[in-house]
file protein_6.txt (compact mmCIF, C-alpha atoms)
# COMPACT_ATOMS: atom_id res chain seq x y z
CA MET T 1 26.27 -108.78 -123.50
CA ARG T 2 22.84 -108.03 -122.08
CA VAL T 3 21.47 -110.07 -119.19
CA ALA T 4 17.86 -109.78 -118.01
CA GLY T 5 16.19 -110.52 -114.70
CA VAL T 6 12.48 -111.00 -114.09
CA ASP T 7 10.75 -111.06 -110.72
CA LEU T 8 7.60 -112.67 -112.06
CA ALA T 9 4.32 -112.08 -110.25
CA ALA T 10 0.92 -113.32 -111.32
CA GLU T 11 -0.03 -109.77 -112.36
CA ALA T 12 2.03 -107.44 -114.52
CA ASP T 13 1.81 -104.49 -112.11
CA ARG T 14 3.90 -106.35 -109.50
CA THR T 15 6.40 -107.79 -111.97
CA GLY T 16 9.90 -106.34 -112.02
CA LEU T 17 12.20 -106.42 -115.05
CA ALA T 18 15.88 -105.50 -115.04
CA ILE T 19 18.39 -105.33 -117.89
CA LEU T 20 22.11 -105.47 -117.18
CA ASN T 21 24.65 -104.38 -119.73
CA VAL T 22 27.78 -106.46 -119.12
CA GLY T 23 31.16 -105.42 -120.47
CA GLU T 24 33.97 -107.77 -121.51
CA ARG T 25 31.74 -110.79 -121.99
CA GLU T 26 34.26 -113.43 -120.97
CA SER T 27 35.54 -111.60 -117.88
CA LEU T 28 34.54 -112.89 -114.45
CA ASN T 29 34.70 -109.33 -113.10
CA ALA T 30 33.03 -107.50 -115.96
CA GLN T 31 31.36 -104.17 -115.30
CA MET T 32 27.61 -104.62 -114.77
CA THR T 33 25.43 -101.58 -115.48
CA ILE T 34 21.70 -101.56 -114.86
CA ASP T 35 20.51 -100.19 -118.19
CA GLU T 36 16.79 -100.60 -117.51
CA LEU T 37 14.65 -101.30 -114.47
CA LEU T 38 10.88 -101.19 -114.52
CA LEU T 39 7.83 -102.34 -112.63
CA GLY T 40 4.72 -103.42 -114.48
CA ALA T 41 6.30 -105.75 -117.03
CA ASP T 42 3.66 -107.44 -119.17
CA ASP T 43 4.11 -110.68 -121.13
CA HIS T 44 5.26 -108.85 -124.26
CA ALA T 45 7.96 -106.91 -122.38
CA ILE T 46 9.21 -110.13 -120.76
CA ARG T 47 9.35 -112.06 -124.04
CA ASN T 48 11.07 -109.14 -125.72
CA ALA T 49 13.69 -108.95 -122.96
CA ILE T 50 14.36 -112.69 -123.13
CA THR T 51 14.79 -112.70 -126.91
CA GLN T 52 17.15 -109.72 -126.83
CA ALA T 53 19.26 -110.76 -123.82
CA GLY T 54 22.00 -113.36 -123.86
CA ARG T 55 20.59 -114.95 -120.70
CA THR T 56 17.64 -114.22 -118.39
CA GLY T 57 17.03 -115.12 -114.77
CA ILE T 58 13.40 -115.90 -113.93
CA ASP T 59 12.33 -115.71 -110.30
CA VAL T 60 9.45 -118.21 -110.43
CA PRO T 61 9.18 -122.01 -110.52
CA LEU T 62 9.46 -123.12 -114.14
CA GLY T 63 7.67 -126.43 -113.59
CA TRP T 64 5.73 -128.61 -111.18
CA PRO T 65 6.88 -131.70 -109.25
CA GLN T 66 6.61 -134.73 -111.53
CA LYS T 67 4.99 -136.77 -108.76
CA PHE T 68 2.39 -134.04 -108.27
CA VAL T 69 1.64 -133.93 -112.00
CA GLU T 70 1.14 -137.70 -112.04
CA PHE T 71 -0.95 -137.55 -108.87
CA VAL T 72 -3.34 -134.95 -110.32
CA SER T 73 -3.58 -136.83 -113.62
CA ASP T 74 -4.31 -140.15 -111.91
CA HIS T 75 -6.83 -138.55 -109.56
CA ALA T 76 -8.60 -136.86 -112.47
CA SER T 77 -8.90 -140.15 -114.36
CA GLY T 78 -9.95 -142.11 -111.28
CA SER T 79 -6.93 -144.37 -111.54
CA LEU T 80 -5.01 -143.21 -108.46
CA SER T 81 -3.64 -146.13 -106.48
CA ALA T 82 -4.45 -145.97 -102.78
CA PRO T 83 -1.37 -144.82 -100.84
CA VAL T 84 -0.24 -146.70 -97.78
CA THR T 85 -0.60 -143.47 -95.81
CA THR T 86 -1.53 -139.87 -96.45
CA ASP T 87 0.81 -138.51 -93.78
CA ARG T 88 3.01 -135.42 -93.97
CA GLU T 89 5.92 -137.18 -95.67
CA TRP T 90 3.65 -138.52 -98.41
CA ARG T 91 2.21 -135.06 -99.01
CA ARG T 92 5.65 -133.42 -99.04
CA GLY T 93 6.74 -135.98 -101.60
CA LEU T 94 4.05 -134.64 -103.91
CA ALA T 95 4.55 -130.95 -103.10
CA LEU T 96 8.31 -130.54 -103.56
CA ARG T 97 10.52 -130.69 -106.61
CA GLU T 98 13.97 -132.23 -106.64
CA THR T 99 15.47 -128.75 -106.95
CA ASP T 100 13.54 -127.54 -103.90
CA ARG T 101 15.11 -130.30 -101.82
CA SER T 102 18.54 -129.55 -103.25
CA VAL T 103 18.27 -125.85 -102.38
CA GLN T 104 17.29 -126.70 -98.83
CA ARG T 105 20.21 -129.09 -98.45
CA CYS T 106 22.67 -126.51 -99.79
CA THR T 107 21.39 -123.35 -98.12
CA GLY T 108 18.89 -124.31 -95.43
CA VAL T 109 16.23 -122.26 -97.26
CA TRP T 110 12.99 -123.94 -98.38
CA PRO T 111 11.62 -122.55 -101.68
CA LEU T 112 7.85 -122.07 -101.86
CA SER T 113 6.01 -125.13 -103.12
CA VAL T 114 4.58 -124.50 -106.59
CA ALA T 115 2.08 -127.29 -105.89
CA THR T 116 0.61 -125.89 -102.66
CA GLU T 117 1.49 -122.17 -102.38
CA ARG T 118 0.14 -119.08 -104.14
CA ILE T 119 3.36 -118.90 -106.18
CA ALA T 120 1.50 -121.31 -108.48
CA TYR T 121 -0.41 -118.38 -109.98
CA ALA T 122 2.84 -116.80 -111.16
CA ALA T 123 4.07 -120.19 -112.36
CA MET T 124 0.91 -120.55 -114.46
CA ARG T 125 1.71 -117.21 -116.05
CA TRP T 126 5.23 -118.38 -116.81
CA ALA T 127 3.93 -121.59 -118.39
CA GLY T 128 1.95 -119.46 -120.83
CA ILE T 129 4.99 -117.27 -121.59
CA GLU T 130 7.17 -120.35 -122.05
CA ALA T 131 4.65 -121.79 -124.52
CA ARG T 132 4.74 -118.59 -126.57
CA LEU T 133 8.56 -118.55 -126.53
CA ARG T 134 8.59 -122.17 -127.66
CA ALA T 135 6.25 -121.30 -130.52
CA GLU T 136 8.73 -118.56 -131.50
CA ASP T 137 11.63 -121.07 -131.47
CA VAL T 138 13.23 -119.57 -128.37
CA SER T 139 14.93 -122.18 -126.20
CA ALA T 140 13.49 -121.70 -122.71
CA ALA T 141 14.53 -125.10 -121.37
CA ARG T 142 13.69 -125.43 -117.69
CA ASP T 143 17.04 -126.96 -116.76
CA GLY T 144 18.99 -123.85 -117.82
CA SER T 145 20.39 -125.35 -121.02
CA GLY T 146 18.67 -122.66 -123.10
CA VAL T 147 18.49 -118.90 -122.55
CA VAL T 148 16.72 -118.83 -119.18
CA TYR T 149 17.70 -119.82 -115.67
CA GLU T 150 15.32 -120.36 -112.79
CA VAL T 151 16.58 -118.31 -109.85
CA TYR T 152 15.63 -117.81 -106.21
CA PRO T 153 17.03 -114.56 -104.73
CA ALA T 154 16.61 -115.66 -101.10
CA ALA T 155 18.79 -118.72 -101.67
CA ALA T 156 21.41 -116.69 -103.56
CA LEU T 157 21.56 -114.07 -100.82
CA LYS T 158 21.98 -116.80 -98.21
CA ALA T 159 24.78 -118.36 -100.25
CA TRP T 160 26.49 -114.96 -100.46
CA GLY T 161 26.17 -114.48 -96.70
CA LEU T 162 23.78 -111.53 -97.07
CA GLN T 163 20.39 -110.68 -95.56
CA HIS T 164 17.96 -113.09 -97.19
CA ARG T 165 14.81 -112.68 -95.10
CA GLY T 166 12.78 -109.72 -93.91
CA TYR T 167 13.53 -107.37 -96.81
CA LYS T 168 10.11 -107.58 -98.50
CA GLY T 169 7.28 -105.05 -98.21
CA GLN T 170 7.04 -101.30 -97.74
CA LYS T 171 7.82 -101.46 -94.03
CA ASN T 172 11.25 -102.99 -94.67
CA SER T 173 12.77 -100.26 -96.83
CA GLU T 174 15.54 -99.73 -94.27
CA VAL T 175 16.48 -103.40 -94.53
CA ARG T 176 16.57 -103.08 -98.33
CA HIS T 177 18.75 -99.98 -98.00
CA ARG T 178 21.32 -101.97 -96.04
CA LEU T 179 21.00 -104.89 -98.45
CA VAL T 180 21.67 -102.64 -101.44
CA ASP T 181 24.78 -101.34 -99.65
CA ASP T 182 25.88 -104.92 -99.00
CA LEU T 183 25.33 -105.85 -102.64
CA SER T 184 27.46 -102.89 -103.71
CA ALA T 185 30.23 -104.20 -101.48
CA LYS T 186 29.77 -107.77 -102.74
CA PHE T 187 29.72 -106.64 -106.39
CA PRO T 188 31.87 -103.50 -106.67
CA ASN T 189 31.58 -103.84 -110.45
CA LEU T 190 27.80 -103.20 -110.26
CA GLU T 191 26.76 -99.75 -111.47
CA TRP T 192 23.24 -98.86 -110.25
CA ASN T 193 22.95 -96.13 -112.89
CA GLY T 194 20.29 -94.15 -111.03
CA HIS T 195 18.15 -97.20 -110.16
CA ARG T 196 19.36 -97.66 -106.59
CA ASP T 197 16.46 -95.73 -105.01
CA LEU T 198 13.84 -97.84 -106.80
CA CYS T 199 15.46 -101.02 -105.46
CA VAL T 200 15.29 -99.58 -101.95
CA ALA T 201 11.67 -98.51 -102.46
CA ASP T 202 10.33 -101.74 -104.01
CA ASP T 203 11.42 -105.33 -103.37
CA ASN T 204 10.10 -106.43 -106.78
CA ALA T 205 12.63 -104.14 -108.46
CA LEU T 206 15.43 -105.38 -106.21
CA ASP T 207 14.56 -109.02 -106.89
CA ALA T 208 14.60 -108.33 -110.64
CA VAL T 209 18.15 -106.99 -110.35
CA LEU T 210 19.13 -109.98 -108.22
CA ALA T 211 17.63 -112.32 -110.82
CA ALA T 212 19.80 -110.73 -113.51
CA ILE T 213 22.95 -110.95 -111.38
CA ILE T 214 22.29 -114.63 -110.60
CA ALA T 215 21.72 -115.33 -114.31
CA LEU T 216 25.11 -113.81 -115.08
CA GLU T 217 26.71 -115.84 -112.30
CA ALA T 218 25.15 -119.00 -113.76
CA TYR T 219 26.35 -118.13 -117.25
CA LEU T 220 29.88 -117.61 -115.91
CA GLY T 221 29.84 -121.03 -114.24
CA ARG T 222 29.57 -119.80 -110.66
CA CYS T 223 26.28 -121.55 -109.84
CA GLU T 224 25.47 -125.19 -109.19
CA PRO T 225 23.98 -127.04 -112.18
CA ALA T 226 21.76 -130.06 -111.77
CA PRO T 227 23.83 -133.16 -110.99
CA ALA T 228 23.78 -135.97 -113.53
CA GLU T 229 21.22 -138.03 -111.61
CA LEU T 230 18.76 -135.10 -111.52
CA LYS T 231 19.10 -133.80 -115.07
CA SER T 232 16.01 -135.67 -116.24
CA SER T 233 13.81 -134.22 -113.49
CA ALA T 234 15.33 -130.75 -114.03
CA ARG T 235 14.20 -130.80 -117.66
CA ARG T 236 10.61 -131.35 -116.51
CA GLU T 237 10.45 -129.60 -113.13
CA GLY T 238 13.01 -126.80 -113.49
CA TRP T 239 16.28 -126.22 -111.67
CA ILE T 240 17.11 -123.37 -109.29
CA TRP T 241 20.59 -122.00 -109.97
CA VAL T 242 22.26 -121.18 -106.65
CA PRO T 243 25.65 -119.43 -106.47
CA ARG T 244 28.48 -121.53 -105.09
CA ASN T 245 29.50 -120.74 -101.53
CA ASP T 246 33.05 -119.97 -102.63
call {"tool": "encode", "arguments": {"input": "protein_6.txt", "output": "structure tokens"}}
result
Amino acid sequence: MRVAGVDLAAEADRTGLAILNVGERESLNAQMTIDELLLGADDHAIRNAITQAGRTGIDVPLGWPQKFVEFVSDHASGSLSAPVTTDREWRRGLALRETDRSVQRCTGVWPLSVATERIAYAAMRWAGIEARLRAEDVSAARDGSGVVYEVYPAAALKAWGLQHRGYKGQKNSEVRHRLVDDLSAKFPNLEWNGHRDLCVADDNALDAVLAAIIALEAYLGRCEPAPAELKSSARREGWIWVPRND
């Protein structure tokens, strides 16, 4: 089984793509070998990886908050009802998805808001990729019921009890070095296959590998799916798959 991970940036040159080759498909402790790891993944490379892999983890919001979508639509048409207040709580109600709130409750980590943060540029890129996959009859359902899972490496690292902040950027290569060591201890079945140095050198590469590992964890049933009452919103907004604390 092949599992892919994508650390999706708005531009291809900052987008990481990892391919794991997983032995003994049904085993919970299958050997994971990083077959490919590259920076500069364009839309074609991402679509190709998704169609060839069994599952793919995508590190980007797959959708927007439903309330935000309705707010923008109503504002554009001039039909927005006047809110009682425009205070912080009202604004946060528009800016956050149900999955964002769930991740914060479970891990204490707030995902970036796709409605108000620059991550929206990468999400726009994903929306275009998703549309092309849909046109090619590839099931990229945002709730994880198809071949892709939305992932958030920081939340996964926190759930695993590992360093989840301060490992980004060139200046933090020493932190990434320790994090790679910790991941090797956490996943002794992970074979870096010569790609360890790139993960230490570039956080986009490391996040791509993490995205692939989380996707495999989700496939094996070791992540939290959307609860029944949130399945409808997950289909529209996306759902972040976070590893269980156990």
call {"tool": "residues_around", "arguments": {"input": "protein_6.txt", "residues": "Arg142 (chain T)", "least_positions_apart": "3", "cutoff": "12 Å", "atoms": "all atoms listed in the file", "output": "PDB file with C-alpha atoms, in the coordinates of the input"}}
result
ATOM      1  CA  THR T  56      17.640-114.220-118.390  1.00  0.00           C
ATOM      2  CA  GLY T  57      17.030-115.120-114.770  1.00  0.00           C
ATOM      3  CA  ILE T  58      13.400-115.900-113.930  1.00  0.00           C
ATOM      4  CA  VAL T  60       9.450-118.210-110.430  1.00  0.00           C
ATOM      5  CA  PRO T  61       9.180-122.010-110.520  1.00  0.00           C
ATOM      6  CA  LEU T  62       9.460-123.120-114.140  1.00  0.00           C
ATOM      7  CA  GLY T  63       7.670-126.430-113.590  1.00  0.00           C
ATOM      8  CA  TRP T  64       5.730-128.610-111.180  1.00  0.00           C
ATOM      9  CA  THR T  99      15.470-128.750-106.950  1.00  0.00           C
ATOM     10  CA  TRP T 126       5.230-118.380-116.810  1.00  0.00           C
ATOM     11  CA  ALA T 127       3.930-121.590-118.390  1.00  0.00           C
ATOM     12  CA  GLU T 130       7.170-120.350-122.050  1.00  0.00           C
ATOM     13  CA  ALA T 131       4.650-121.790-124.520  1.00  0.00           C
ATOM     14  CA  ARG T 134       8.590-122.170-127.660  1.00  0.00           C
ATOM     15  CA  SER T 139      14.930-122.180-126.200  1.00  0.00           C
ATOM     16  CA  SER T 145      20.390-125.350-121.020  1.00  0.00           C
ATOM     17  CA  GLY T 146      18.670-122.660-123.100  1.00  0.00           C
ATOM     18  CA  VAL T 147      18.490-118.900-122.550  1.00  0.00           C
ATOM     19  CA  VAL T 148      16.720-118.830-119.180  1.00  0.00           C
ATOM     20  CA  TYR T 149      17.700-119.820-115.670  1.00  0.00           C
ATOM     21  CA  GLU T 150      15.320-120.360-112.790  1.00  0.00           C
ATOM     22  CA  VAL T 151      16.580-118.310-109.850  1.00  0.00           C
ATOM     23  CA  PRO T 225      23.980-127.040-112.180  1.00  0.00           C
ATOM     24  CA  ALA T 226      21.760-130.060-111.770  1.00  0.00           C
ATOM     25  CA  LYS T 231      19.100-133.800-115.070  1.00  0.00           C
ATOM     26  CA  SER T 232      16.010-135.670-116.240  1.00  0.00           C
ATOM     27  CA  SER T 233      13.810-134.220-113.490  1.00  0.00           C
ATOM     28  CA  ALA T 234      15.330-130.750-114.030  1.00  0.00           C
ATOM     29  CA  ARG T 235      14.200-130.800-117.660  1.00  0.00           C
ATOM     30  CA  ARG T 236      10.610-131.350-116.510  1.00  0.00           C
ATOM     31  CA  GLU T 237      10.450-129.600-113.130  1.00  0.00           C
ATOM     32  CA  GLY T 238      13.010-126.800-113.490  1.00  0.00           C
ATOM     33  CA  TRP T 239      16.280-126.220-111.670  1.00  0.00           C
ATOM     34  CA  ILE T 240      17.110-123.370-109.290  1.00  0.00           C
ATOM     35  CA  TRP T 241      20.590-122.000-109.970  1.00  0.00           C
TER      36      TRP T 241
END
call {"tool": "residues_around", "arguments": {"input": "protein_6.txt", "residues": "region 106-123 of chain T", "least_positions_apart": "2", "cutoff": "8 Å", "atoms": "only C-alpha atoms", "output": "number ranges by chain"}}
result
T: 8-11, 60-65, 68, 94-97, 100-104, 125-127, 152, 154-155, 158-159
call {"tool": "write_last_selection", "arguments": {"input": "protein_6.txt", "atoms": "C-alpha atoms", "output": "PDB file, in the coordinates of the input"}}
result
ATOM      1  CA  LEU T   8       7.600-112.670-112.060  1.00  0.00           C
ATOM      2  CA  ALA T   9       4.320-112.080-110.250  1.00  0.00           C
ATOM      3  CA  ALA T  10       0.920-113.320-111.320  1.00  0.00           C
ATOM      4  CA  GLU T  11      -0.030-109.770-112.360  1.00  0.00           C
ATOM      5  CA  VAL T  60       9.450-118.210-110.430  1.00  0.00           C
ATOM      6  CA  PRO T  61       9.180-122.010-110.520  1.00  0.00           C
ATOM      7  CA  LEU T  62       9.460-123.120-114.140  1.00  0.00           C
ATOM      8  CA  GLY T  63       7.670-126.430-113.590  1.00  0.00           C
ATOM      9  CA  TRP T  64       5.730-128.610-111.180  1.00  0.00           C
ATOM     10  CA  PRO T  65       6.880-131.700-109.250  1.00  0.00           C
ATOM     11  CA  PHE T  68       2.390-134.040-108.270  1.00  0.00           C
ATOM     12  CA  LEU T  94       4.050-134.640-103.910  1.00  0.00           C
ATOM     13  CA  ALA T  95       4.550-130.950-103.100  1.00  0.00           C
ATOM     14  CA  LEU T  96       8.310-130.540-103.560  1.00  0.00           C
ATOM     15  CA  ARG T  97      10.520-130.690-106.610  1.00  0.00           C
ATOM     16  CA  ASP T 100      13.540-127.540-103.900  1.00  0.00           C
ATOM     17  CA  ARG T 101      15.110-130.300-101.820  1.00  0.00           C
ATOM     18  CA  SER T 102      18.540-129.550-103.250  1.00  0.00           C
ATOM     19  CA  VAL T 103      18.270-125.850-102.380  1.00  0.00           C
ATOM     20  CA  GLN T 104      17.290-126.700 -98.830  1.00  0.00           C
ATOM     21  CA  ARG T 125       1.710-117.210-116.050  1.00  0.00           C
ATOM     22  CA  TRP T 126       5.230-118.380-116.810  1.00  0.00           C
ATOM     23  CA  ALA T 127       3.930-121.590-118.390  1.00  0.00           C
ATOM     24  CA  TYR T 152      15.630-117.810-106.210  1.00  0.00           C
ATOM     25  CA  ALA T 154      16.610-115.660-101.100  1.00  0.00           C
ATOM     26  CA  ALA T 155      18.790-118.720-101.670  1.00  0.00           C
ATOM     27  CA  LYS T 158      21.980-116.800 -98.210  1.00  0.00           C
ATOM     28  CA  ALA T 159      24.780-118.360-100.250  1.00  0.00           C
TER      29      ALA T 159
END
call {"tool": "closest_residue", "arguments": {"input": "protein_6.txt", "among": "T:Ala4, T:Val200, T:Leu179, T:Val22", "to": "Arg165 (chain T)", "atoms": "all atoms listed in the file"}}
result
T:Leu179
call {"tool": "atom_distance", "arguments": {"input": "protein_6.txt", "atom1": "CA of Asn193 (chain T)", "atom2": "CA of Met1 (chain T)"}}
result
16.8 Å
call {"tool": "atom_distance", "arguments": {"input": "protein_6.txt", "atom1": "CA of Gly221 (chain T)", "atom2": "CA of Val242 (chain T)"}}
result
10.7 Å
call {"tool": "atom_distance", "arguments": {"input": "protein_6.txt", "atom1": "CA of Leu162 (chain T)", "atom2": "CA of His177 (chain T)"}}
result
12.6 Å
call {"tool": "closest_residue", "arguments": {"input": "protein_6.txt", "among": "T:Ser173, T:Gly23, T:Ile34, T:Ala53", "to": "His195 (chain T)", "atoms": "only C-alpha atoms"}}
result
T:Ile34
call {"tool": "residues_around", "arguments": {"input": "protein_6.txt", "residues": "Phe187 (chain T)", "least_positions_apart": "5", "cutoff": "10 Å", "atoms": "all atoms listed in the file", "output": "list in words"}}
result
Asn29, Gln31, Met32, Asp181, Asp182 and Ile213 of chain T
call {"tool": "write_last_selection", "arguments": {"input": "protein_6.txt", "atoms": "C-alpha atoms", "output": "mmCIF file, in the coordinates of the input"}}
result
data_model
loop_
_atom_site.group_PDB
_atom_site.id
_atom_site.type_symbol
_atom_site.label_atom_id
_atom_site.label_comp_id
_atom_site.auth_asym_id
_atom_site.auth_seq_id
_atom_site.Cartn_x
_atom_site.Cartn_y
_atom_site.Cartn_z
ATOM 1 C CA ASN T 29 34.700 -109.330 -113.100
ATOM 2 C CA GLN T 31 31.360 -104.170 -115.300
ATOM 3 C CA MET T 32 27.610 -104.620 -114.770
ATOM 4 C CA ASP T 181 24.780 -101.340 -99.650
ATOM 5 C CA ASP T 182 25.880 -104.920 -99.000
ATOM 6 C CA ILE T 213 22.950 -110.950 -111.380
#
call {"tool": "closest_residue", "arguments": {"input": "protein_6.txt", "among": "T:Glu98, T:Asp43, T:Glu70, T:Asp59", "to": "Asp207 (chain T)", "atoms": "all atoms listed in the file"}}
result
T:Asp59
call {"tool": "closest_residue", "arguments": {"input": "protein_6.txt", "among": "T:Gly169, T:Pro188, T:Gly144, T:Pro243", "to": "Thr33 (chain T)", "atoms": "all atoms listed in the file"}}
result
T:Pro188
